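Report on the structure given below.
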Amino acid sequence: MAVRATKTLGLIMALACLTAGMVRAADVKSLTKELFAVPSTTGNEDQLAAKIRGLLPKNVVVEEDGLGTIAVRFRGPEGPTLVLAALDGYGHMVSGITPDGYLTVDRPVAPPHARFDAYLLGQPVVVSTARSPVQGVVSQPALHLLTQERRKALVEGFSLENAFIDIGVRSEKEARAKGVEILDAVTCPPVLTELAGDQWAGPALGMKAVAAVLVDIAAAPAAEPPGGETVVAWAAQTKFAARGRGARPALGAARAKAKWQPRRTVIVDVVAAGKSDGFPFPGGGPVLIQAKDEPSSLRQALVKLAADTKISLQFLTVADSPLALPFAGPSSEVLTVALPVRFLNTPSEIVDLKDLQALRDLLAAFLAKGGGR
Amino acid sequence: MNKRIMVAALVIVVTTASAGAQSKAWDILREIVLVPGVSGHEGPVSDFILGRLPADLKVQRDAMHNVWFTVGSGKPHILFVAHTDELGWIVDRITPGGRLRVKPGGGLLPQTVEARPVLVHAGRGPVAGIVAPRPGYDERRPNVEEPEAPFTTESFDIYLGVATEAEARALGVSEGDPVTAKKTVTDFAPGLMATRAVDDRAGCAALLDAALRLRPDAVKGKTVTFAWDVQEETGLFGATELAKTMKPDYVFAIDTFVSTDSPLESKRFAFLPVGKGAVIRAVDSSNVTPKTEIRKVMAIAKKRGIPVQVGNSRGGNDGSVFLPGGAVDIPLSWPGSYAHSLIEKIDRRDLEALTDLILAIISDWK
């Protein structure tokens with residue numbers, strides 16, 4: 001009888017764990033969808049920050065840095081471990097309004113690659129005004145009227161010089177009446193495409209997925225970790241390079257370093273995957289990135305947690321990214337854990353949901369173990 | 001009643017004389033524009049039209065999926081024709097890595113679909129894919145002086161989320177399947193939108209709306225044919241098939257007027273603003289409409305208070321294949337910015353003016 005009761009209890013507990021796991025899996029996906037719908041570009045992160053605040057438990061105190069970065073702190077006896085992700089993605093902004101009501105466009109920061117601006121040609125866009133989103137399209141020449149010369153100039157040589165957003169008005173006054181102002185963010189509409197093999201595609205999806213992972217772990221019931229103080233932060237203006245001599249760290253990361261003075265930092269980022277050489281593989285698990293292929297306590301902790309929780313990892317040795325740069329030094333330790341993203345920095349970034357879940361589970365375990373101490 | 005009100009009332013009475021109801025063209029357009037129908041694969045669009053035409057009409061459909069019906073009798077015989085096909089691609093082959101190579105199905109700038117979602121209309125239902133960005137898209141080019149390899153339909157492939165040909169086939173995808181861009185509707189304001197395939201679903205919607213509002217007495221003493229034809233974008237093939245048996249006196253092709261109402265175009269010609277009324281395509285790449293006929297249409301429009309613009313632009317129209325058989329081609333249209341793009345723009349007022357103009361012509365044409 002006792003044996004049967006124990007077995008039944010075990011079965012119930014196993015089912016409960018399985019159900020909890022399924023709930024969590026649904027959570028990170030639904031959180032990703034929620035964040036995906038909110039535009040966020042460098043200098044225009046306020047909407048996404050507000051959304052994240054709204055998703056965190058009411059009793060959590062949200063810290064700010066004055067530039068748009070937000071963070072939550074989990075108290076512990078030791079100095080802080082920082083878990084940091086970007087709050088901003090690449091995008092454009094309104095730079096002017098022509099007398100006939102078209103919007104001109106600029107970038108707040110340098111593009112991630114030379115073709116980035118060209119993705120605007122002939123596409124729907126959303127202008128995020130203070131009042132409400134305004135739908136528009138980026139003009140393109142009519143195919144029937146294209147000469148060889150015009151094709152070369154306006155299509156193959158498309159640049160922001162030729163980018164005019166049509167919002168369906170005829171004058172600057174009408175454009176302003178819609179609430180459009182200079183510096184309003186211009187982004188692709190958040191259209192999610194669900195592909196075979198549990199993969200999602202969409203603009204700025206990688207960054208939003210990573211931000212959602214941090215929301216999920218920060219909002220989890222077991223987020224009061226033992227063993228140390230941990231700060232989970234979403235940093236604004238990470239695509240903007242801090243000025244000064246030498247290497248150019250991400251401004252948002254440099255400020256986070258100055259504010260929280262972490263001894264150990266886990267950067268949660270995205271990494272281009274599935275390129276011609278294949279590595280890292282989308283679907284192959286989170287990617288641990290270090291500047292030097294050498295053991296570290298952070299790496300050991302994450303590798304052990306991954307082994308314990310049966311999460312596949314991939315390893316990459318490349319120079320520190322602008323996000324990781326400020327934290328590299330003799331007195332502190334930094335490790336990047338990245339979500340593999342196919343077609344990174346295009347309007348259709350592809351995320352494998354298995355990687356997303358694995359990243360979430362790995363970081364949740366990391367926090368639950370007191371930052372791997 | 002003062003004179004101005006009397007004139008306005010008269011215009012309303014005359015305008016609605018041939019029409020049986022309020023225009024639903026805009027609502028029809030918003031539905032039909034989303035129905036897939038790449039050239040040679042227009043079946044779903046033909047189904048849509050057939051499903052909305054009155055059951056008592058004797059509607060015909062041929063093997064190509066051209067759809068038409070004729071009402072009335074006598075001379076003249078007037079044909080209205082709009083094309084059901086849209087630009088897209090056809091699956092040419094599946095690579096060992098599970099990606100799709102495609103053949104073009106009409107003219108879209110390939111650059112505008114790079115790294116953008118598409119739908120493969122496979123036998124078991126639509127399958128989502130992404131047009132893969134060009135190789136090395138995010139890498140610094142070793143020699144910027146060398147011209148970049150062009151991004152063409154022949155060079156791009158479509159990623160479905162699978163890694164092998166067998167997995168792609170397991171999704172139901174096969175050679176010959178049509179592919180469309182995933183359509184996004186941009187609503188600038190109520191009654192002003194931009195999306196893919198307004199060319200020529202707006203023409204289809206105008207014609208369908210006119211057919212639904214047509215009063216039987218409007219066709220007295222003349223023969224009127226409404227036709228929705230196929231494969232215009234790839235060579236006017238559907239119209240050519242119809243022209244083998246139809247010998248109209250007048251053909252009104254209902255299709256986009258390629259307007260230069262855009263910040264990137266020269267206003268030297270074709271500058272007919274969006275929102276300022278229906279269009280008579282006086283001259284295009286396939287037809288020169290006799291001025292006498294333009295004046296006739298203008299007079300009818302003026303009598304009915306229908307806003308109409310006249311212009312010349314580029315592009316062909318289905319009516320042109322009826323010219324050798326003796327017809328006069330008078331293409332009607334709406335001013336369309338950004339023709340052959342993902343963001344073809346249209347104003348509801350222009351579409352409804354077009355529908356009203358079709359009905360007025362049926363009623364008044366001699």
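Residues are referred to by chain and number: the chain letter is A, B, ... according to the order shown in the structure tokens, the number counts from 1 in that chain, and ligands are numbered separately from 1 in the order shown.
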Region 348-360 of chain B surroundings by only C-alpha atoms, 6 Å radius, close-in-sequence under 6 positions cut, as a PyMOL selection string: chain B and resi 18+191+206+210+275+277-278+306+334
Would you mind exporting C-alpha atoms of the selected residues as a PDB file, in the first residue's frame?
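To be explicit, this is the file written out as result11.pdb:
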```
ATOM      1  CA  SER B  18     -28.014  52.575 -63.151  1.00  0.00           C
ATOM      2  CA  GLY B 191     -10.384  54.534 -47.011  1.00  0.00           C
ATOM      3  CA  ALA B 206     -14.780  47.270 -59.043  1.00  0.00           C
ATOM      4  CA  ALA B 210     -20.650  46.873 -60.550  1.00  0.00           C
ATOM      5  CA  GLY B 275      -7.828  60.435 -54.214  1.00  0.00           C
ATOM      6  CA  GLY B 277     -11.034  60.208 -58.984  1.00  0.00           C
ATOM      7  CA  ALA B 278     -11.149  57.389 -61.489  1.00  0.00           C
ATOM      8  CA  ILE B 306     -18.204  61.270 -61.134  1.00  0.00           C
ATOM      9  CA  TRP B 334      -7.629  54.393 -60.542  1.00  0.00           C
TER      10      TRP B 334
END
```
What residues in chain A lie within 9 Å of chain B, counting only C-alpha atoms, written as a PDB file with N, CA and C atoms, in the first residue's frame?
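The resulting result-v2.pdb:
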```
ATOM      1  N   ASP A 100       5.399  68.489 -48.628  1.00  0.00           N
ATOM      2  CA  ASP A 100       4.253  67.704 -49.100  1.00  0.00           C
ATOM      3  C   ASP A 100       3.957  66.485 -48.222  1.00  0.00           C
ATOM      4  N   TYR A 102       5.827  64.029 -46.727  1.00  0.00           N
ATOM      5  CA  TYR A 102       6.626  62.797 -46.626  1.00  0.00           C
ATOM      6  C   TYR A 102       7.641  62.944 -45.490  1.00  0.00           C
ATOM      7  N   PRO A 112      24.159  47.938 -38.501  1.00  0.00           N
ATOM      8  CA  PRO A 112      24.942  46.727 -38.203  1.00  0.00           C
ATOM      9  C   PRO A 112      25.709  46.202 -39.410  1.00  0.00           C
ATOM     10  N   HIS A 113      25.231  46.554 -40.595  1.00  0.00           N
ATOM     11  CA  HIS A 113      25.951  46.157 -41.811  1.00  0.00           C
ATOM     12  C   HIS A 113      25.518  47.075 -42.952  1.00  0.00           C
ATOM     13  N   ALA A 114      26.248  47.011 -44.051  1.00  0.00           N
ATOM     14  CA  ALA A 114      26.067  47.996 -45.127  1.00  0.00           C
ATOM     15  C   ALA A 114      24.706  47.898 -45.811  1.00  0.00           C
ATOM     16  N   ARG A 115      24.075  46.727 -45.773  1.00  0.00           N
ATOM     17  CA  ARG A 115      22.803  46.564 -46.482  1.00  0.00           C
ATOM     18  C   ARG A 115      21.590  46.922 -45.622  1.00  0.00           C
ATOM     19  N   PHE A 116      21.802  47.280 -44.391  1.00  0.00           N
ATOM     20  CA  PHE A 116      20.689  47.433 -43.448  1.00  0.00           C
ATOM     21  C   PHE A 116      19.645  48.451 -43.931  1.00  0.00           C
ATOM     22  N   ALA A 118      18.932  49.371 -46.893  1.00  0.00           N
ATOM     23  CA  ALA A 118      18.268  48.959 -48.137  1.00  0.00           C
ATOM     24  C   ALA A 118      17.021  48.125 -47.875  1.00  0.00           C
ATOM     25  N   TYR A 119      16.916  47.540 -46.686  1.00  0.00           N
ATOM     26  CA  TYR A 119      15.724  46.744 -46.373  1.00  0.00           C
ATOM     27  C   TYR A 119      14.464  47.603 -46.264  1.00  0.00           C
ATOM     28  N   LEU A 120      14.636  48.925 -46.239  1.00  0.00           N
ATOM     29  CA  LEU A 120      13.470  49.810 -46.139  1.00  0.00           C
ATOM     30  C   LEU A 120      12.716  49.945 -47.463  1.00  0.00           C
ATOM     31  N   LEU A 121      13.421  49.769 -48.563  1.00  0.00           N
ATOM     32  CA  LEU A 121      12.840  50.078 -49.879  1.00  0.00           C
ATOM     33  C   LEU A 121      11.499  49.369 -50.097  1.00  0.00           C
ATOM     34  N   GLY A 122      10.470  50.166 -50.324  1.00  0.00           N
ATOM     35  CA  GLY A 122       9.159  49.619 -50.692  1.00  0.00           C
ATOM     36  C   GLY A 122       8.487  48.802 -49.612  1.00  0.00           C
ATOM     37  N   GLN A 123       8.712  49.156 -48.354  1.00  0.00           N
ATOM     38  CA  GLN A 123       8.171  48.341 -47.250  1.00  0.00           C
ATOM     39  C   GLN A 123       7.215  49.128 -46.367  1.00  0.00           C
ATOM     40  N   PRO A 124       6.276  48.432 -45.744  1.00  0.00           N
ATOM     41  CA  PRO A 124       5.471  49.068 -44.702  1.00  0.00           C
ATOM     42  C   PRO A 124       6.345  49.357 -43.482  1.00  0.00           C
ATOM     43  N   VAL A 125       6.060  50.464 -42.804  1.00  0.00           N
ATOM     44  CA  VAL A 125       6.770  50.785 -41.563  1.00  0.00           C
ATOM     45  C   VAL A 125       5.764  51.338 -40.555  1.00  0.00           C
ATOM     46  N   VAL A 134       1.682  55.319 -36.163  1.00  0.00           N
ATOM     47  CA  VAL A 134       1.204  55.785 -37.468  1.00  0.00           C
ATOM     48  C   VAL A 134       1.763  54.836 -38.521  1.00  0.00           C
ATOM     49  N   GLN A 135       0.874  54.313 -39.363  1.00  0.00           N
ATOM     50  CA  GLN A 135       1.314  53.377 -40.399  1.00  0.00           C
ATOM     51  C   GLN A 135       1.771  54.146 -41.640  1.00  0.00           C
ATOM     52  N   GLY A 136       2.802  53.643 -42.249  1.00  0.00           N
ATOM     53  CA  GLY A 136       3.298  54.278 -43.462  1.00  0.00           C
ATOM     54  C   GLY A 136       3.998  53.260 -44.349  1.00  0.00           C
ATOM     55  N   VAL A 137       4.439  53.741 -45.510  1.00  0.00           N
ATOM     56  CA  VAL A 137       5.228  52.897 -46.409  1.00  0.00           C
ATOM     57  C   VAL A 137       6.424  53.702 -46.902  1.00  0.00           C
ATOM     58  N   VAL A 138       7.513  53.011 -47.144  1.00  0.00           N
ATOM     59  CA  VAL A 138       8.685  53.688 -47.710  1.00  0.00           C
ATOM     60  C   VAL A 138       8.551  53.638 -49.235  1.00  0.00           C
ATOM     61  N   SER A 139       8.515  54.796 -49.839  1.00  0.00           N
ATOM     62  CA  SER A 139       8.255  54.892 -51.280  1.00  0.00           C
ATOM     63  C   SER A 139       9.254  54.078 -52.093  1.00  0.00           C
ATOM     64  N   GLN A 140       8.769  53.557 -53.191  1.00  0.00           N
ATOM     65  CA  GLN A 140       9.664  52.924 -54.156  1.00  0.00           C
ATOM     66  C   GLN A 140       9.228  53.359 -55.552  1.00  0.00           C
ATOM     67  N   PRO A 141      10.144  53.370 -56.495  1.00  0.00           N
ATOM     68  CA  PRO A 141       9.742  53.747 -57.849  1.00  0.00           C
ATOM     69  C   PRO A 141       8.851  52.668 -58.466  1.00  0.00           C
ATOM     70  N   ALA A 142       7.901  53.107 -59.291  1.00  0.00           N
ATOM     71  CA  ALA A 142       7.044  52.147 -59.994  1.00  0.00           C
ATOM     72  C   ALA A 142       7.880  51.387 -61.006  1.00  0.00           C
ATOM     73  N   LEU A 143       7.696  50.099 -61.042  1.00  0.00           N
ATOM     74  CA  LEU A 143       8.530  49.254 -61.897  1.00  0.00           C
ATOM     75  C   LEU A 143       8.417  49.642 -63.374  1.00  0.00           C
ATOM     76  N   HIS A 144       7.198  50.025 -63.780  1.00  0.00           N
ATOM     77  CA  HIS A 144       6.969  50.345 -65.197  1.00  0.00           C
ATOM     78  C   HIS A 144       7.743  51.581 -65.653  1.00  0.00           C
ATOM     79  N   LEU A 145       8.140  52.416 -64.699  1.00  0.00           N
ATOM     80  CA  LEU A 145       8.755  53.700 -65.057  1.00  0.00           C
ATOM     81  C   LEU A 145      10.262  53.705 -64.830  1.00  0.00           C
ATOM     82  N   LEU A 154      18.122  54.272 -57.685  1.00  0.00           N
ATOM     83  CA  LEU A 154      17.055  54.218 -56.677  1.00  0.00           C
ATOM     84  C   LEU A 154      16.845  52.845 -56.054  1.00  0.00           C
ATOM     85  N   VAL A 155      17.279  51.806 -56.767  1.00  0.00           N
ATOM     86  CA  VAL A 155      17.033  50.453 -56.253  1.00  0.00           C
ATOM     87  C   VAL A 155      18.350  49.826 -55.780  1.00  0.00           C
ATOM     88  N   GLU A 156      19.262  49.610 -56.743  1.00  0.00           N
ATOM     89  CA  GLU A 156      20.527  48.970 -56.346  1.00  0.00           C
ATOM     90  C   GLU A 156      21.343  49.895 -55.445  1.00  0.00           C
ATOM     91  N   ASN A 162      17.214  58.516 -50.466  1.00  0.00           N
ATOM     92  CA  ASN A 162      16.019  58.267 -51.285  1.00  0.00           C
ATOM     93  C   ASN A 162      14.875  57.673 -50.483  1.00  0.00           C
ATOM     94  N   ALA A 163      15.006  57.677 -49.186  1.00  0.00           N
ATOM     95  CA  ALA A 163      13.962  57.047 -48.351  1.00  0.00           C
ATOM     96  C   ALA A 163      12.958  58.108 -47.905  1.00  0.00           C
ATOM     97  N   PHE A 164      11.747  57.977 -48.416  1.00  0.00           N
ATOM     98  CA  PHE A 164      10.663  58.885 -48.023  1.00  0.00           C
ATOM     99  C   PHE A 164       9.499  58.037 -47.520  1.00  0.00           C
ATOM    100  N   ASP A 166       5.732  57.572 -46.792  1.00  0.00           N
ATOM    101  CA  ASP A 166       4.407  58.071 -47.164  1.00  0.00           C
ATOM    102  C   ASP A 166       3.447  57.649 -46.052  1.00  0.00           C
ATOM    103  N   ILE A 167       2.845  58.624 -45.377  1.00  0.00           N
ATOM    104  CA  ILE A 167       1.855  58.274 -44.333  1.00  0.00           C
ATOM    105  C   ILE A 167       0.449  58.682 -44.773  1.00  0.00           C
ATOM    106  N   GLY A 168       0.297  58.896 -46.081  1.00  0.00           N
ATOM    107  CA  GLY A 168      -1.045  59.148 -46.622  1.00  0.00           C
ATOM    108  C   GLY A 168      -1.544  60.559 -46.402  1.00  0.00           C
ATOM    109  N   VAL A 169      -0.628  61.517 -46.284  1.00  0.00           N
ATOM    110  CA  VAL A 169      -1.044  62.917 -46.114  1.00  0.00           C
ATOM    111  C   VAL A 169      -0.423  63.752 -47.236  1.00  0.00           C
ATOM    112  N   PRO A 189       6.761  46.740 -39.209  1.00  0.00           N
ATOM    113  CA  PRO A 189       5.608  46.244 -38.457  1.00  0.00           C
ATOM    114  C   PRO A 189       5.957  44.906 -37.801  1.00  0.00           C
ATOM    115  N   VAL A 191       5.393  41.796 -37.584  1.00  0.00           N
ATOM    116  CA  VAL A 191       4.693  40.647 -38.173  1.00  0.00           C
ATOM    117  C   VAL A 191       5.529  39.398 -37.914  1.00  0.00           C
ATOM    118  N   THR A 193       6.350  35.494 -38.281  1.00  0.00           N
ATOM    119  CA  THR A 193       6.137  34.381 -39.208  1.00  0.00           C
ATOM    120  C   THR A 193       6.545  33.092 -38.519  1.00  0.00           C
ATOM    121  N   GLU A 194       5.619  32.163 -38.447  1.00  0.00           N
ATOM    122  CA  GLU A 194       5.920  30.878 -37.798  1.00  0.00           C
ATOM    123  C   GLU A 194       6.330  29.876 -38.866  1.00  0.00           C
ATOM    124  N   LEU A 195       7.570  29.420 -38.762  1.00  0.00           N
ATOM    125  CA  LEU A 195       8.127  28.492 -39.740  1.00  0.00           C
ATOM    126  C   LEU A 195       8.051  27.068 -39.220  1.00  0.00           C
ATOM    127  N   ALA A 196       8.343  26.143 -40.113  1.00  0.00           N
ATOM    128  CA  ALA A 196       8.402  24.737 -39.704  1.00  0.00           C
ATOM    129  C   ALA A 196       9.537  24.562 -38.685  1.00  0.00           C
ATOM    130  N   GLY A 197       9.494  23.474 -37.956  1.00  0.00           N
ATOM    131  CA  GLY A 197      10.579  23.154 -37.033  1.00  0.00           C
ATOM    132  C   GLY A 197      10.629  24.074 -35.828  1.00  0.00           C
ATOM    133  N   ASP A 198       9.469  24.570 -35.389  1.00  0.00           N
ATOM    134  CA  ASP A 198       9.410  25.427 -34.198  1.00  0.00           C
ATOM    135  C   ASP A 198      10.368  26.608 -34.307  1.00  0.00           C
ATOM    136  N   GLN A 199      10.295  27.297 -35.412  1.00  0.00           N
ATOM    137  CA  GLN A 199      11.117  28.492 -35.583  1.00  0.00           C
ATOM    138  C   GLN A 199      10.208  29.682 -35.877  1.00  0.00           C
ATOM    139  N   TRP A 200      10.582  30.799 -35.325  1.00  0.00           N
ATOM    140  CA  TRP A 200       9.848  32.046 -35.571  1.00  0.00           C
ATOM    141  C   TRP A 200      10.766  33.018 -36.287  1.00  0.00           C
ATOM    142  N   ALA A 201      10.139  33.874 -37.095  1.00  0.00           N
ATOM    143  CA  ALA A 201      10.910  34.906 -37.795  1.00  0.00           C
ATOM    144  C   ALA A 201      10.222  36.247 -37.659  1.00  0.00           C
ATOM    145  N   GLY A 202      11.028  37.298 -37.543  1.00  0.00           N
ATOM    146  CA  GLY A 202      10.457  38.641 -37.486  1.00  0.00           C
ATOM    147  C   GLY A 202      11.542  39.674 -37.253  1.00  0.00           C
ATOM    148  N   LYS A 275      25.296  30.442 -40.731  1.00  0.00           N
ATOM    149  CA  LYS A 275      25.890  31.063 -41.915  1.00  0.00           C
ATOM    150  C   LYS A 275      26.588  29.999 -42.759  1.00  0.00           C
ATOM    151  N   SER A 276      27.338  30.445 -43.735  1.00  0.00           N
ATOM    152  CA  SER A 276      27.866  29.474 -44.709  1.00  0.00           C
ATOM    153  C   SER A 276      28.732  28.392 -44.064  1.00  0.00           C
ATOM    154  N   PHE A 343      19.857  34.757 -39.965  1.00  0.00           N
ATOM    155  CA  PHE A 343      19.545  36.007 -40.678  1.00  0.00           C
ATOM    156  C   PHE A 343      19.521  37.192 -39.702  1.00  0.00           C
ATOM    157  N   LEU A 344      20.499  37.231 -38.807  1.00  0.00           N
ATOM    158  CA  LEU A 344      20.577  38.299 -37.803  1.00  0.00           C
ATOM    159  C   LEU A 344      20.670  39.669 -38.487  1.00  0.00           C
ATOM    160  N   ASN A 345      19.998  40.646 -37.892  1.00  0.00           N
ATOM    161  CA  ASN A 345      19.986  42.026 -38.384  1.00  0.00           C
ATOM    162  C   ASN A 345      19.391  42.168 -39.790  1.00  0.00           C
ATOM    163  N   THR A 346      18.400  41.346 -40.055  1.00  0.00           N
ATOM    164  CA  THR A 346      17.564  41.514 -41.255  1.00  0.00           C
ATOM    165  C   THR A 346      16.116  41.668 -40.762  1.00  0.00           C
ATOM    166  N   PRO A 347      15.190  41.964 -41.639  1.00  0.00           N
ATOM    167  CA  PRO A 347      13.792  42.068 -41.190  1.00  0.00           C
ATOM    168  C   PRO A 347      13.177  40.729 -40.803  1.00  0.00           C
ATOM    169  N   SER A 348      13.891  39.648 -41.018  1.00  0.00           N
ATOM    170  CA  SER A 348      13.369  38.326 -40.649  1.00  0.00           C
ATOM    171  C   SER A 348      14.409  37.555 -39.845  1.00  0.00           C
ATOM    172  N   GLU A 349      14.678  38.004 -38.646  1.00  0.00           N
ATOM    173  CA  GLU A 349      15.577  37.244 -37.761  1.00  0.00           C
ATOM    174  C   GLU A 349      14.850  35.973 -37.326  1.00  0.00           C
ATOM    175  N   ILE A 350      15.550  34.856 -37.430  1.00  0.00           N
ATOM    176  CA  ILE A 350      14.902  33.568 -37.135  1.00  0.00           C
ATOM    177  C   ILE A 350      15.452  32.993 -35.835  1.00  0.00           C
TER     178      ILE A 350
END
```
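Proximity of A:Val62, A:Ala328, A:Leu359, A:Ala220 to Val287 (chain A), computed with only C-alpha atoms, is greatest for A:Leu359.
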Exercise: Ala256 (chain A) partners within 9 Å, only C-alpha atoms, chain neighbours under 2 positions left out, as a list in words: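 Surrounding residues, per the criterion: Asp65, Thr69, Leu82, Leu84, Ala233, Ala235, Leu251, Gly252, Ala253, Ala254, Ala258, Lys259, Trp260, Gln261, Pro262 and Pro326 of chain A.
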All strand (DSSP E) residues (DSSP, backbone) inside region 103-337 of chain B, as a VMD selection string: chain B and resid 103 to 105 117 to 122 125 to 131 157 to 159 178 to 181 186 to 189 192 to 195 223 to 229 250 to 253 257 to 258 278 to 283 308 to 312 328 to 329 332 to 333 335 to 336
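Of the listed residues A:Pro286, A:Gly66, A:Pro80, A:Gly43, the one whose atoms come nearest to Arg107 (chain A) is A:Gly43, with distances taken using only C-alpha atoms.
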Option closest in space to Pro324 (chain B), from B:His83, B:Lys276, B:Lys247, B:Lys58 [counting only C-alpha atoms]: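 Among B:His83, B:Lys276, B:Lys247, B:Lys58, it is B:Lys247 that comes nearest to Pro324 (chain B).
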Residues within 9 Å of Val318 (chain A), only C-alpha atoms, excluding chain neighbours under 6 positions, as a PyMOL selection string: chain A and resi 289-293
Output file for the selection above: C-alpha atoms, as a compact mmCIF listing (two decimals), in the first residue's frame:
```txt
# COMPACT_ATOMS: atom_id res chain seq x y z
CA ILE A 289 31.22 33.30 -26.01
CA GLN A 290 34.56 34.30 -24.54
CA ALA A 291 37.41 36.44 -25.78
CA LYS A 292 39.91 33.77 -24.76
CA ASP A 293 39.36 30.04 -24.65
```
Exercise: Asp85 (chain B) partners within 7 Å, only C-alpha atoms, chain neighbours under 4 positions left out, as a PyMOL selection string: chain B and resi 37-39+42+230-233
Go ahead and write the selection's residues with C-alpha atoms as an mmCIF file, in the first residue's frame.
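And here is the file that came out, part.cif:
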```cif
data_model
loop_
_atom_site.group_PDB
_atom_site.id
_atom_site.type_symbol
_atom_site.label_atom_id
_atom_site.label_comp_id
_atom_site.auth_asym_id
_atom_site.auth_seq_id
_atom_site.Cartn_x
_atom_site.Cartn_y
_atom_site.Cartn_z
ATOM 1 C CA GLY B 37 -3.583 33.935 -57.349
ATOM 2 C CA VAL B 38 -0.168 33.961 -58.969
ATOM 3 C CA SER B 39 -0.357 33.904 -62.783
ATOM 4 C CA GLU B 42 -5.836 31.970 -60.250
ATOM 5 C CA VAL B 230 -6.075 35.254 -66.015
ATOM 6 C CA GLN B 231 -2.347 35.486 -66.748
ATOM 7 C CA GLU B 232 -2.222 39.187 -67.618
ATOM 8 C CA GLU B 233 1.063 39.755 -65.811
#
```
Members of region 2-204 of chain B assigned alpha helix (DSSP H) by DSSP, as a PyMOL selection string: chain B and resi 3-15+25-32+43-52+165-170+198-204
10 Å contact set for Thr42 (chain A), only C-alpha atoms, chain neighbours under 5 positions out, as a ChimeraX atom specification: /A:68,86-93,107-109,185,236-240,252
Long-range neighbours of Leu100 (chain B) as a PyMOL selection string, 8 Å cut-off, only C-alpha atoms, 3 positions minimum in chain: chain B and resi 91-95+157-159
Atomic separation - CA of Ala130 (chain A) relative to CA of Ile70 (chain A), Å: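 It comes out at 20.4 Å.
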Nearest to Arg196 (chain B), chosen from B:Leu242, B:Val279, B:His65, B:Thr180, with only C-alpha atoms counted in the distances: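 The shortest atom-to-atom distance to Arg196 (chain B) comes from B:Thr180.
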